[in-house]
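K.L.:
If it helps, the file is called start27.pdb and holds PDB, C-alpha atoms:
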```
ATOM      1  CA  MET A   2      13.774  14.238  31.661
ATOM      2  CA  ALA A   3      10.554  12.572  30.619
ATOM      3  CA  THR A   4      10.239  11.052  27.166
ATOM      4  CA  PRO A   5       6.495  11.144  26.563
ATOM      5  CA  HIS A   6       6.896  10.781  22.796
ATOM      6  CA  VAL A   7       8.782   7.502  22.980
ATOM      7  CA  SER A   8       6.423   6.228  25.642
ATOM      8  CA  ALA A   9       3.375   7.115  23.533
ATOM      9  CA  ASN A  10       4.896   5.357  20.553
ATOM     10  CA  ALA A  11       5.460   2.215  22.617
ATOM     11  CA  ASP A  12       1.772   2.295  23.555
ATOM     12  CA  VAL A  13       0.815   2.624  19.893
ATOM     13  CA  ARG A  14       3.100  -0.267  18.955
ATOM     14  CA  ALA A  15       1.466  -2.467  21.600
ATOM     15  CA  ALA A  16      -2.018  -1.475  20.403
ATOM     16  CA  MET A  17      -1.031  -2.243  16.802
ATOM     17  CA  ALA A  18       0.351  -5.652  17.753
ATOM     18  CA  ALA A  19      -2.906  -6.460  19.572
ATOM     19  CA  THR A  20      -4.958  -5.532  16.493
ATOM     20  CA  ASN A  21      -2.719  -7.649  14.258
ATOM     21  CA  ARG A  22      -3.084 -10.643  16.590
ATOM     22  CA  LEU A  23      -6.882 -10.310  16.434
ATOM     23  CA  PHE A  24      -6.703 -10.739  12.673
ATOM     24  CA  ASN A  25      -4.866 -14.056  12.963
ATOM     25  CA  ASP A  26      -6.478 -15.465  16.097
ATOM     26  CA  GLU A  27     -10.102 -14.376  15.697
ATOM     27  CA  VAL A  28     -10.733 -13.799  11.984
ATOM     28  CA  PHE A  29      -8.606 -16.585  10.532
ATOM     29  CA  GLY A  30      -8.287 -18.856  13.567
ATOM     30  CA  LYS A  31     -11.902 -18.856  14.703
ATOM     31  CA  GLY A  32     -13.834 -17.426  11.772
ATOM     32  CA  ASN A  33     -15.048 -14.635  14.073
ATOM     33  CA  PHE A  34     -15.699 -11.919  11.492
ATOM     34  CA  SER A  35     -17.239  -9.501  13.971
ATOM     35  CA  ALA A  36     -13.668  -9.029  15.234
ATOM     36  CA  LEU A  37     -13.147  -6.998  12.048
ATOM     37  CA  ASP A  38     -15.047  -4.187  13.822
ATOM     38  CA  ASP A  39     -11.981  -3.845  16.045
ATOM     39  CA  ILE A  40      -9.496  -4.175  13.178
ATOM     40  CA  TYR A  41     -10.801  -1.822  10.454
ATOM     41  CA  THR A  42     -12.081   1.744  10.796
ATOM     42  CA  GLN A  43     -15.709   2.304   9.830
ATOM     43  CA  ASP A  44     -14.764   3.859   6.481
ATOM     44  CA  ALA A  45     -11.661   1.762   5.825
ATOM     45  CA  ARG A  46     -10.618   0.707   2.347
ATOM     46  CA  ILE A  47      -8.906  -2.467   1.233
ATOM     47  CA  LEU A  48      -7.085  -2.903  -2.084
ATOM     48  CA  PRO A  49      -6.851  -6.675  -2.642
ATOM     49  CA  PRO A  50      -4.875  -8.225  -5.496
ATOM     50  CA  GLY A  51      -7.144  -9.503  -8.261
ATOM     51  CA  ALA A  52     -10.154  -7.364  -7.330
ATOM     52  CA  PRO A  53     -11.174  -3.700  -7.266
ATOM     53  CA  MET A  54     -10.881  -1.582  -4.120
ATOM     54  CA  ILE A  55     -13.544  -2.174  -1.458
ATOM     55  CA  SER A  56     -14.758   0.758   0.686
ATOM     56  CA  GLY A  57     -16.386   0.450   4.098
ATOM     57  CA  ARG A  58     -16.247  -2.121   6.860
ATOM     58  CA  GLU A  59     -19.335  -4.052   5.791
ATOM     59  CA  GLY A  60     -17.951  -4.725   2.328
ATOM     60  CA  ILE A  61     -14.597  -5.611   3.862
ATOM     61  CA  LYS A  62     -16.236  -8.167   6.171
ATOM     62  CA  LYS A  63     -17.918  -9.783   3.173
ATOM     63  CA  PHE A  64     -14.577  -9.937   1.340
ATOM     64  CA  TRP A  65     -12.790 -11.731   4.173
ATOM     65  CA  MET A  66     -15.682 -14.133   4.835
ATOM     66  CA  GLU A  67     -15.694 -15.169   1.187
ATOM     67  CA  LEU A  68     -11.910 -15.435   0.940
ATOM     68  CA  VAL A  69     -11.525 -17.507   4.108
ATOM     69  CA  ALA A  70     -14.275 -19.850   2.880
ATOM     70  CA  ALA A  71     -12.911 -20.091  -0.673
ATOM     71  CA  VAL A  72      -9.325 -21.034   0.156
ATOM     72  CA  HIS A  73      -9.939 -22.574   3.603
ATOM     73  CA  ALA A  74      -7.602 -20.038   5.165
ATOM     74  CA  THR A  75      -6.603 -20.963   8.696
ATOM     75  CA  GLY A  76      -3.972 -18.425   9.607
ATOM     76  CA  ALA A  77      -2.613 -14.985   8.778
ATOM     77  CA  THR A  78       0.442 -14.095  10.807
ATOM     78  CA  LEU A  79       1.578 -10.504  10.408
ATOM     79  CA  GLY A  80       4.958  -8.926  11.136
ATOM     80  CA  SER A  81       5.930  -5.247  11.050
ATOM     81  CA  ASP A  82       8.996  -4.302   9.031
ATOM     82  CA  ASP A  83       8.743  -0.541   9.449
ATOM     83  CA  VAL A  84       6.448   1.717  11.460
ATOM     84  CA  MET A  85       6.383   5.404  10.491
ATOM     85  CA  TYR A  86       4.581   7.825  12.802
ATOM     86  CA  THR A  87       3.005  10.593  10.778
ATOM     87  CA  GLY A  88       0.663  13.193  12.229
ATOM     88  CA  ASP A  89      -2.065  11.329  14.075
ATOM     89  CA  GLY A  90      -1.659   8.202  11.961
ATOM     90  CA  VAL A  91       0.918   5.509  11.323
ATOM     91  CA  VAL A  92       2.177   4.039   8.048
ATOM     92  CA  GLU A  93       3.267   0.428   8.492
ATOM     93  CA  ILE A  94       5.167  -1.798   6.077
ATOM     94  CA  GLY A  95       4.828  -5.467   6.946
ATOM     95  CA  HIS A  96       4.870  -9.035   5.776
ATOM     96  CA  ALA A  97       2.307 -11.768   6.184
ATOM     97  CA  THR A  98       2.126 -15.520   5.915
ATOM     98  CA  LEU A  99      -1.258 -16.848   4.869
ATOM     99  CA  THR A 100      -1.936 -20.497   5.619
ATOM    100  CA  VAL A 101      -4.465 -22.046   3.257
ATOM    101  CA  GLU A 102      -5.839 -25.542   2.648
ATOM    102  CA  PRO A 103      -7.896 -25.333  -0.550
ATOM    103  CA  PRO A 104     -10.287 -28.290  -1.131
ATOM    104  CA  GLY A 105      -8.419 -31.268  -2.539
ATOM    105  CA  GLN A 106      -5.034 -29.616  -2.133
ATOM    106  CA  SER A 107      -2.405 -29.869   0.536
ATOM    107  CA  ARG A 108      -1.740 -27.115   3.030
ATOM    108  CA  ALA A 109       0.268 -24.189   1.653
ATOM    109  CA  GLU A 110       1.812 -21.028   3.029
ATOM    110  CA  LEU A 111       1.709 -17.888   0.897
ATOM    111  CA  ALA A 112       4.179 -15.042   1.467
ATOM    112  CA  ALA A 113       2.602 -11.618   1.193
ATOM    113  CA  LYS A 114       3.618  -8.066   2.010
ATOM    114  CA  TYR A 115       1.485  -5.090   2.832
ATOM    115  CA  VAL A 116       1.203  -1.395   3.622
ATOM    116  CA  VAL A 117      -1.364  -0.298   6.199
ATOM    117  CA  TYR A 118      -2.277   3.274   7.076
ATOM    118  CA  TRP A 119      -3.398   3.162  10.706
ATOM    119  CA  ARG A 120      -5.770   5.553  12.429
ATOM    120  CA  GLU A 121      -7.152   5.658  15.949
ATOM    121  CA  GLU A 122     -10.918   5.119  16.217
ATOM    122  CA  GLN A 123     -12.809   4.941  19.483
ATOM    123  CA  GLY A 124      -9.653   4.310  21.475
ATOM    124  CA  ARG A 125      -8.378   1.516  19.235
ATOM    125  CA  TRP A 126      -5.698   1.573  16.554
ATOM    126  CA  LYS A 127      -7.194   0.222  13.351
ATOM    127  CA  TRP A 128      -6.446  -0.300   9.675
ATOM    128  CA  HIS A 129      -7.763   2.630   7.658
ATOM    129  CA  VAL A 130      -6.148   1.731   4.326
ATOM    130  CA  ASP A 131      -4.930  -1.826   3.696
ATOM    131  CA  ILE A 132      -3.178  -2.971   0.515
ATOM    132  CA  TRP A 133      -1.174  -6.128  -0.068
ATOM    133  CA  ASN A 134       0.252  -8.402  -2.720
ATOM    134  CA  PHE A 135       2.043 -11.722  -2.953
ATOM    135  CA  ASN A 136       5.761 -12.248  -3.415
ATOM    136  CA  ALA A 137       5.315 -15.006  -5.978
TER     137      ALA A 137
ATOM    138  CA  MET B  28      -9.380  35.464   6.778
ATOM    139  CA  ALA B  29      -6.468  33.709   5.106
ATOM    140  CA  THR B  30      -6.639  29.972   4.527
ATOM    141  CA  PRO B  31      -2.981  28.976   4.379
ATOM    142  CA  HIS B  32      -3.728  25.318   5.043
ATOM    143  CA  VAL B  33      -6.002  24.914   2.019
ATOM    144  CA  SER B  34      -3.613  26.914  -0.118
ATOM    145  CA  ALA B  35      -0.671  24.786   0.998
ATOM    146  CA  ASN B  36      -2.624  21.647   0.190
ATOM    147  CA  ALA B  37      -3.356  22.907  -3.319
ATOM    148  CA  ASP B  38       0.386  23.424  -3.786
ATOM    149  CA  VAL B  39       1.073  19.895  -2.575
ATOM    150  CA  ARG B  40      -1.566  18.513  -4.939
ATOM    151  CA  ALA B  41       0.014  20.316  -7.869
ATOM    152  CA  ALA B  42       3.479  19.061  -6.885
ATOM    153  CA  MET B  43       2.134  15.505  -6.610
ATOM    154  CA  ALA B  44       0.484  15.712 -10.026
ATOM    155  CA  ALA B  45       3.771  16.901 -11.544
ATOM    156  CA  THR B  46       5.655  13.958 -10.023
ATOM    157  CA  ASN B  47       3.037  11.509 -11.289
ATOM    158  CA  ARG B  48       3.262  12.953 -14.794
ATOM    159  CA  LEU B  49       7.044  12.507 -14.761
ATOM    160  CA  PHE B  50       6.528   8.795 -14.170
ATOM    161  CA  ASN B  51       4.377   8.447 -17.292
ATOM    162  CA  ASP B  52       6.084  10.939 -19.588
ATOM    163  CA  GLU B  53       9.761  10.434 -18.730
ATOM    164  CA  VAL B  54      10.149   6.943 -17.267
ATOM    165  CA  PHE B  55       7.635   5.070 -19.405
ATOM    166  CA  GLY B  56       7.315   7.438 -22.336
ATOM    167  CA  LYS B  57      11.012   8.170 -22.936
ATOM    168  CA  GLY B  58      12.820   5.494 -20.942
ATOM    169  CA  ASN B  59      14.509   8.278 -18.962
ATOM    170  CA  PHE B  60      15.214   6.422 -15.724
ATOM    171  CA  SER B  61      17.210   9.258 -14.163
ATOM    172  CA  ALA B  62      13.822  10.962 -13.753
ATOM    173  CA  LEU B  63      13.266   8.464 -10.936
ATOM    174  CA  ASP B  64      15.579  10.674  -8.839
ATOM    175  CA  ASP B  65      12.759  13.224  -8.843
ATOM    176  CA  ILE B  66      10.039  10.632  -8.208
ATOM    177  CA  TYR B  67      11.353   8.468  -5.347
ATOM    178  CA  THR B  68      13.020   9.570  -2.104
ATOM    179  CA  GLN B  69      16.593   8.408  -1.612
ATOM    180  CA  ASP B  70      15.564   5.662   0.838
ATOM    181  CA  ALA B  71      12.209   4.828  -0.756
ATOM    182  CA  ARG B  72      10.787   1.316  -0.779
ATOM    183  CA  ILE B  73       8.660  -0.367  -3.411
ATOM    184  CA  LEU B  74       6.548  -3.474  -2.824
ATOM    185  CA  PRO B  75       5.868  -4.943  -6.281
ATOM    186  CA  PRO B  76       3.523  -7.868  -6.887
ATOM    187  CA  GLY B  77       5.414 -11.087  -7.587
ATOM    188  CA  ALA B  78       8.695  -9.977  -6.000
ATOM    189  CA  PRO B  79      10.100  -9.091  -2.581
ATOM    190  CA  MET B  80      10.282  -5.504  -1.322
ATOM    191  CA  ILE B  81      13.079  -3.362  -2.801
ATOM    192  CA  SER B  82      14.758  -0.694  -0.643
ATOM    193  CA  GLY B  83      16.611   2.343  -1.948
ATOM    194  CA  ARG B  84      16.426   4.365  -5.135
ATOM    195  CA  GLU B  85      19.203   2.539  -6.977
ATOM    196  CA  GLY B  86      17.478  -0.826  -6.614
ATOM    197  CA  ILE B  87      14.181   0.772  -7.572
ATOM    198  CA  LYS B  88      15.722   2.184 -10.771
ATOM    199  CA  LYS B  89      16.985  -1.284 -11.688
ATOM    200  CA  PHE B  90      13.509  -2.745 -11.085
ATOM    201  CA  TRP B  91      11.768  -0.277 -13.407
ATOM    202  CA  MET B  92      14.440  -0.543 -16.102
ATOM    203  CA  GLU B  93      14.049  -4.329 -16.156
ATOM    204  CA  LEU B  94      10.257  -4.217 -16.051
ATOM    205  CA  VAL B  95       9.901  -1.649 -18.840
ATOM    206  CA  ALA B  96      12.294  -3.706 -21.002
ATOM    207  CA  ALA B  97      10.623  -7.042 -20.204
ATOM    208  CA  VAL B  98       7.041  -6.096 -21.039
ATOM    209  CA  HIS B  99       7.757  -3.240 -23.459
ATOM    210  CA  ALA B 100       5.834  -0.843 -21.244
ATOM    211  CA  THR B 101       5.050   2.417 -22.970
ATOM    212  CA  GLY B 102       2.764   4.210 -20.550
ATOM    213  CA  ALA B 103       1.708   4.417 -16.910
ATOM    214  CA  THR B 104      -1.065   6.915 -16.342
ATOM    215  CA  LEU B 105      -1.833   7.558 -12.683
ATOM    216  CA  GLY B 106      -4.960   8.997 -11.091
ATOM    217  CA  SER B 107      -5.547   9.945  -7.436
ATOM    218  CA  ASP B 108      -8.652   8.558  -5.755
ATOM    219  CA  ASP B 109      -7.966   9.882  -2.271
ATOM    220  CA  VAL B 110      -5.294  12.135  -0.802
ATOM    221  CA  MET B 111      -4.911  12.136   2.981
ATOM    222  CA  TYR B 112      -2.671  14.767   4.570
ATOM    223  CA  THR B 113      -0.986  13.341   7.636
ATOM    224  CA  GLY B 114       1.712  15.151   9.575
ATOM    225  CA  ASP B 115       4.372  16.181   7.070
ATOM    226  CA  GLY B 116       3.465  13.412   4.641
ATOM    227  CA  VAL B 117       0.577  12.384   2.430
ATOM    228  CA  VAL B 118      -1.092   8.994   1.969
ATOM    229  CA  GLU B 119      -2.510   8.628  -1.541
ATOM    230  CA  ILE B 120      -4.829   5.943  -2.902
ATOM    231  CA  GLY B 121      -4.795   5.823  -6.674
ATOM    232  CA  HIS B 122      -5.318   3.815  -9.799
ATOM    233  CA  ALA B 123      -3.023   3.235 -12.753
ATOM    234  CA  THR B 124      -3.271   2.022 -16.298
ATOM    235  CA  LEU B 125      -0.149   0.327 -17.589
ATOM    236  CA  THR B 126       0.208   0.061 -21.341
ATOM    237  CA  VAL B 127       2.365  -2.859 -22.438
ATOM    238  CA  GLU B 128       3.307  -4.466 -25.737
ATOM    239  CA  PRO B 129       5.127  -7.719 -24.881
ATOM    240  CA  PRO B 130       7.119  -9.253 -27.754
ATOM    241  CA  GLY B 131       4.835 -11.194 -30.104
ATOM    242  CA  GLN B 132       1.691 -10.016 -28.340
ATOM    243  CA  SER B 133      -0.730  -7.234 -29.080
ATOM    244  CA  ARG B 134      -0.882  -4.069 -27.032
ATOM    245  CA  ALA B 135      -2.686  -4.451 -23.699
ATOM    246  CA  GLU B 136      -3.770  -2.164 -20.884
ATOM    247  CA  LEU B 137      -3.515  -3.442 -17.320
ATOM    248  CA  ALA B 138      -5.606  -1.918 -14.532
ATOM    249  CA  ALA B 139      -3.709  -1.498 -11.288
ATOM    250  CA  LYS B 140      -4.283   0.291  -8.000
ATOM    251  CA  TYR B 141      -1.782   1.614  -5.496
ATOM    252  CA  VAL B 142      -1.049   3.273  -2.182
ATOM    253  CA  VAL B 143       1.813   5.752  -2.008
ATOM    254  CA  TYR B 144       3.170   7.391   1.123
ATOM    255  CA  TRP B 145       4.544  10.741  -0.012
ATOM    256  CA  ARG B 146       7.308  12.769   1.649
ATOM    257  CA  GLU B 147       8.959  16.022   0.710
ATOM    258  CA  GLU B 148      12.659  15.759  -0.182
ATOM    259  CA  GLN B 149      14.788  18.667  -1.360
ATOM    260  CA  GLY B 150      11.740  20.755  -2.234
ATOM    261  CA  ARG B 151      10.007  18.024  -4.226
ATOM    262  CA  TRP B 152       7.146  15.733  -3.260
ATOM    263  CA  LYS B 153       8.224  12.157  -3.844
ATOM    264  CA  TRP B 154       7.127   8.576  -3.313
ATOM    265  CA  HIS B 155       8.594   7.222  -0.085
ATOM    266  CA  VAL B 156       6.615   3.962   0.042
ATOM    267  CA  ASP B 157       4.985   2.585  -3.119
ATOM    268  CA  ILE B 158       2.877  -0.592  -3.249
ATOM    269  CA  TRP B 159       0.530  -1.744  -5.971
ATOM    270  CA  ASN B 160      -1.349  -4.707  -7.354
ATOM    271  CA  PHE B 161      -3.494  -5.579 -10.346
ATOM    272  CA  ASN B 162      -7.275  -5.762 -10.416
ATOM    273  CA  ALA B 163      -7.358  -8.958 -12.442
TER     274      ALA B 163
END
```
Output the file's structure as C-alpha cells, nothing else.
P.N.:
Amino acid sequence: MATPHVSANADVRAAMAATNRLFNDEVFGKGNFSALDDIYTQDARILPPGAPMISGREGIKKFWMELVAAVHATGATLGSDDVMYTGDGVVEIGHATLTVEPPGQSRAELAAKYVVYWREEQGRWKWHVDIWNFNA
Amino acid sequence: MATPHVSANADVRAAMAATNRLFNDEVFGKGNFSALDDIYTQDARILPPGAPMISGREGIKKFWMELVAAVHATGATLGSDDVMYTGDGVVEIGHATLTVEPPGQSRAELAAKYVVYWREEQGRWKWHVDIWNFNA
C-alpha cells in the first residue's frame, strides 16, 4: 500500500532543510540578502527580540542587513526540534546558533530558539511567521 | 446559503478570547495557577526569553508560578494581531502588556509580542506552542 502522506512530508522536510541552509550559507555566510526572497514569503512577518514586529519581505531584508552589519554575524545554523504539519502549513520549533564577532570583541556564539510558521509560495517552502528569542 | 466556516471561526475566536482572558484574570490577577490546565494543552511547550524551552503543562505551571512571584506580576493583557486558521489548529500573532511591581521598584508595564499555535483539547481551545519576546 502506498504511503503518499509520509512521502509528501519527507519532501516538505527536505525543502525546509534547504531553505534553512540558505539562511546560514547565503545570508549569513555570504551576505547575499537577495536569498531572503527564497526564505520568506512576500507578506511574511518577523518578531525580533528588542524591536517591534516587522511586516513584509522588504522590511525584513533591511532588518537582517542591519543586524548582520551591526554584530558582524557570520553564521546562523538552524536545527528543527519539532515539525507539526497543519493544514497546508507547517509549525516548526527549532534552535539556532548565531555566530557573531562584534567590533573589538572576540567571537561569540549565541543560543537562540524559534517558532516558524511555514507556507508554500511559488513552489518553495518559506517562513511566513518567524519569532525567536535567546536562551540567556 | 449557510456559511458554516465563518460561523465556526467566530466560535473559535470567542473561545480563544476566553482562554486569553483566563490568563490575565486568573493566573496573573488571582494567582490561580490551576487555571493553566484550561490554557495550555497537556503536552504544550513554552519558549521563554532568557531560558530554555519547557515541555509539558506541569513544568509550564512551575515557570509561571516562579515568574509571577519573582517580578510581582499582576496583569498580562493579551491582544490578537492576526489569527490564521490552519488545518485543525490556529496560528496567532499577538501582543501583550505585562504589569509588574518588582520589590523596591515602581510599577512598570512591559510590551511583549508572541506567537501561539492553538489546538483544541477536550472541547477547549488552548495554547500548544507559546513563544514570546520583549520589544525593548
K.L.:
Any chance you could work out the residue set of the PyMOL selection byres ((chain A and resi 44) around 9) here, as a tab-separated table (two decimals) with C-alpha atoms, in the coordinates of the input?
P.N.:
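Output below, filename selection.tsv:
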```tsv
chain	number	residue	atom	x	y	z
A	41	TYR	CA	-10.80	-1.82	10.45
A	42	THR	CA	-12.08	1.74	10.80
A	43	GLN	CA	-15.71	2.30	9.83
A	45	ALA	CA	-11.66	1.76	5.82
A	46	ARG	CA	-10.62	0.71	2.35
A	56	SER	CA	-14.76	0.76	0.69
A	57	GLY	CA	-16.39	0.45	4.10
A	58	ARG	CA	-16.25	-2.12	6.86
A	129	HIS	CA	-7.76	2.63	7.66
```
K.L.:
Which residue gives the smallest distance to chain A among B:Lys140, B:Arg48, B:Lys153, B:Arg146, with only C-alpha atoms counted?
P.N.:
B:Lys140
K.L.:
Go through chain A and flag each residue having an atom no more than 7 Å from chain B; for those, report the closest pair of atoms plus their distance in Å to one decimal, using all atoms listed in the file, ordered by chain and rising number, as a tab-separated table.
P.N.:
```
residue	atom	partner	partner_atom	distance
A:Pro50	CA	B:Asn160	CA	5.3
A:Gly51	CA	B:Ala163	CA	4.2
A:Ala52	CA	B:Asn162	CA	4.5
A:Pro53	CA	B:Asn162	CA	5.4
A:Thr87	CA	B:Gly114	CA	4.9
A:Gly88	CA	B:Gly114	CA	3.5
A:Asp89	CA	B:Thr113	CA	6.8
A:Gly90	CA	B:Thr113	CA	6.8
A:Asn134	CA	B:Pro76	CA	5.3
A:Phe135	CA	B:Pro76	CA	5.7
A:Asn136	CA	B:Gly77	CA	4.3
A:Ala137	CA	B:Gly77	CA	4.2
```
K.L.:
Could you list the residues chosen by the PyMOL selection byres ((chain B and resi 92-105) around 8) in this structure as a list of chain:residue names?
P.N.:
B:Asn47, B:Arg48, B:Phe50, B:Asn51, B:Asp52, B:Phe55, B:Gly56, B:Gly58, B:Phe60, B:Lys88, B:Lys89, B:Phe90, B:Trp91, B:Gly106, B:Ser107, B:Gly121, B:His122, B:Ala123, B:Thr124, B:Leu125, B:Thr126, B:Val127, B:Glu128, B:Pro129, B:Pro130
K.L.:
Any idea what the distance is between atom CA of B:Met111 and atom CA of B:Ala45?
P.N.:
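We find that atom CA of B:Met111 and atom CA of B:Ala45 lie 17.6 Å from each other.
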K.L.:
Please superimpose chain B upon chain A, fitting all C-alpha atoms matched one to one in order, and report the result as a compact mmCIF listing (two decimals) with C-alpha atoms, in the frame of the given file.
P.N.:
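This is the output file part.txt:
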```
# COMPACT_ATOMS: atom_id res chain seq x y z
CA MET B 28 13.60 14.41 31.60
CA ALA B 29 10.40 12.67 30.59
CA THR B 30 10.12 11.16 27.13
CA PRO B 31 6.38 11.15 26.50
CA HIS B 32 6.79 10.79 22.75
CA VAL B 33 8.75 7.54 22.96
CA SER B 34 6.42 6.24 25.64
CA ALA B 35 3.37 7.09 23.54
CA ASN B 36 4.91 5.32 20.57
CA ALA B 37 5.48 2.18 22.63
CA ASP B 38 1.79 2.26 23.55
CA VAL B 39 0.83 2.62 19.90
CA ARG B 40 3.11 -0.29 18.97
CA ALA B 41 1.49 -2.49 21.59
CA ALA B 42 -1.99 -1.49 20.41
CA MET B 43 -1.01 -2.25 16.81
CA ALA B 44 0.37 -5.66 17.76
CA ALA B 45 -2.89 -6.48 19.56
CA THR B 46 -4.94 -5.55 16.49
CA ASN B 47 -2.71 -7.66 14.25
CA ARG B 48 -3.07 -10.65 16.57
CA LEU B 49 -6.86 -10.33 16.44
CA PHE B 50 -6.69 -10.74 12.67
CA ASN B 51 -4.86 -14.06 12.97
CA ASP B 52 -6.47 -15.47 16.10
CA GLU B 53 -10.10 -14.38 15.69
CA VAL B 54 -10.73 -13.80 11.99
CA PHE B 55 -8.61 -16.60 10.53
CA GLY B 56 -8.29 -18.86 13.55
CA LYS B 57 -11.92 -18.86 14.71
CA GLY B 58 -13.83 -17.42 11.76
CA ASN B 59 -15.05 -14.64 14.06
CA PHE B 60 -15.68 -11.91 11.50
CA SER B 61 -17.23 -9.49 13.98
CA ALA B 62 -13.66 -9.03 15.24
CA LEU B 63 -13.14 -7.00 12.06
CA ASP B 64 -15.03 -4.18 13.83
CA ASP B 65 -11.97 -3.85 16.06
CA ILE B 66 -9.49 -4.17 13.18
CA TYR B 67 -10.79 -1.82 10.46
CA THR B 68 -12.06 1.75 10.81
CA GLN B 69 -15.68 2.31 9.86
CA ASP B 70 -14.75 3.87 6.50
CA ALA B 71 -11.65 1.77 5.83
CA ARG B 72 -10.61 0.72 2.34
CA ILE B 73 -8.90 -2.46 1.23
CA LEU B 74 -7.09 -2.90 -2.08
CA PRO B 75 -6.85 -6.66 -2.65
CA PRO B 76 -4.88 -8.23 -5.50
CA GLY B 77 -7.16 -9.51 -8.26
CA ALA B 78 -10.16 -7.35 -7.34
CA PRO B 79 -11.18 -3.69 -7.26
CA MET B 80 -10.88 -1.56 -4.12
CA ILE B 81 -13.54 -2.15 -1.45
CA SER B 82 -14.75 0.77 0.70
CA GLY B 83 -16.37 0.47 4.11
CA ARG B 84 -16.23 -2.11 6.87
CA GLU B 85 -19.33 -4.04 5.81
CA GLY B 86 -17.95 -4.72 2.34
CA ILE B 87 -14.59 -5.59 3.86
CA LYS B 88 -16.23 -8.15 6.17
CA LYS B 89 -17.92 -9.77 3.18
CA PHE B 90 -14.58 -9.92 1.33
CA TRP B 91 -12.79 -11.73 4.17
CA MET B 92 -15.68 -14.10 4.83
CA GLU B 93 -15.70 -15.14 1.17
CA LEU B 94 -11.92 -15.42 0.94
CA VAL B 95 -11.52 -17.50 4.11
CA ALA B 96 -14.29 -19.84 2.88
CA ALA B 97 -12.92 -20.08 -0.67
CA VAL B 98 -9.34 -21.03 0.16
CA HIS B 99 -9.95 -22.57 3.60
CA ALA B 100 -7.60 -20.04 5.17
CA THR B 101 -6.62 -20.97 8.69
CA GLY B 102 -3.97 -18.43 9.61
CA ALA B 103 -2.61 -14.99 8.78
CA THR B 104 0.45 -14.11 10.81
CA LEU B 105 1.58 -10.51 10.41
CA GLY B 106 4.96 -8.95 11.13
CA SER B 107 5.94 -5.26 11.05
CA ASP B 108 9.01 -4.32 9.02
CA ASP B 109 8.76 -0.56 9.45
CA VAL B 110 6.47 1.70 11.45
CA MET B 111 6.40 5.38 10.50
CA TYR B 112 4.59 7.81 12.81
CA THR B 113 3.02 10.58 10.78
CA GLY B 114 0.69 13.19 12.23
CA ASP B 115 -2.04 11.32 14.09
CA GLY B 116 -1.63 8.19 11.98
CA VAL B 117 0.94 5.50 11.33
CA VAL B 118 2.20 4.03 8.05
CA GLU B 119 3.28 0.41 8.50
CA ILE B 120 5.18 -1.82 6.08
CA GLY B 121 4.82 -5.48 6.94
CA HIS B 122 4.88 -9.04 5.78
CA ALA B 123 2.30 -11.79 6.17
CA THR B 124 2.13 -15.53 5.91
CA LEU B 125 -1.25 -16.86 4.86
CA THR B 126 -1.94 -20.50 5.61
CA VAL B 127 -4.48 -22.06 3.26
CA GLU B 128 -5.85 -25.54 2.65
CA PRO B 129 -7.93 -25.34 -0.56
CA PRO B 130 -10.30 -28.27 -1.13
CA GLY B 131 -8.43 -31.26 -2.57
CA GLN B 132 -5.05 -29.60 -2.15
CA SER B 133 -2.42 -29.88 0.52
CA ARG B 134 -1.76 -27.13 3.02
CA ALA B 135 0.26 -24.21 1.65
CA GLU B 136 1.80 -21.04 3.03
CA LEU B 137 1.71 -17.91 0.89
CA ALA B 138 4.17 -15.06 1.47
CA ALA B 139 2.60 -11.63 1.18
CA LYS B 140 3.62 -8.08 2.01
CA TYR B 141 1.49 -5.08 2.83
CA VAL B 142 1.21 -1.40 3.63
CA VAL B 143 -1.35 -0.30 6.20
CA TYR B 144 -2.27 3.26 7.08
CA TRP B 145 -3.37 3.16 10.71
CA ARG B 146 -5.75 5.56 12.45
CA GLU B 147 -7.12 5.64 15.96
CA GLU B 148 -10.89 5.11 16.24
CA GLN B 149 -12.79 4.93 19.52
CA GLY B 150 -9.62 4.29 21.51
CA ARG B 151 -8.35 1.51 19.25
CA TRP B 152 -5.68 1.56 16.57
CA LYS B 153 -7.18 0.21 13.36
CA TRP B 154 -6.42 -0.29 9.69
CA HIS B 155 -7.76 2.64 7.67
CA VAL B 156 -6.13 1.73 4.34
CA ASP B 157 -4.92 -1.83 3.70
CA ILE B 158 -3.18 -2.97 0.51
CA TRP B 159 -1.20 -6.13 -0.09
CA ASN B 160 0.24 -8.40 -2.73
CA PHE B 161 2.03 -11.73 -2.97
CA ASN B 162 5.75 -12.24 -3.44
CA ALA B 163 5.33 -15.00 -5.99
```
K.L.:
Record the distance separating atom CA of A:Ala18 and atom CA of A:Gly124, expressed in Å with one decimal.
P.N.:
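Atom CA of A:Gly124 lies 14.6 Å from atom CA of A:Ala18.
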K.L.:
For B:Thr46, which of B:Arg151, B:Asp109, B:Asn59, B:Gln132 is the closest residue, counting all atoms listed in the file?
P.N.:
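When distances to B:Thr46 are compared using all atoms listed in the file, the smallest one comes from B:Arg151.
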K.L.:
One decimal, in Å: what's the spacing between atom CA of B:Met43 and atom CA of B:Ile87?
P.N.:
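Between these atoms lies a distance of 19.1 Å.
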K.L.:
Quick one: of A:Glu27, A:Glu59, A:Asp12, A:Glu110, who's nearest to A:Trp126, counting only C-alpha atoms?
P.N.:
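So, comparing all the options, the nearest one is A:Asp12.
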K.L.:
Quick one: residues within 9 Å of A:Leu23, all atoms listed in the file counted, chain neighbours fewer than 6 positions away excluded, as a PDB file with C-alpha atoms, in the coordinates of the input?
P.N.:
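What ended up in out.pdb:
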```pdb
ATOM      1  CA  PHE A  29      -8.606 -16.585  10.532  1.00  0.00           C
ATOM      2  CA  ALA A  36     -13.668  -9.029  15.234  1.00  0.00           C
ATOM      3  CA  LEU A  37     -13.147  -6.998  12.048  1.00  0.00           C
ATOM      4  CA  ASP A  39     -11.981  -3.845  16.045  1.00  0.00           C
ATOM      5  CA  ILE A  40      -9.496  -4.175  13.178  1.00  0.00           C
TER       6      ILE A  40
END
```
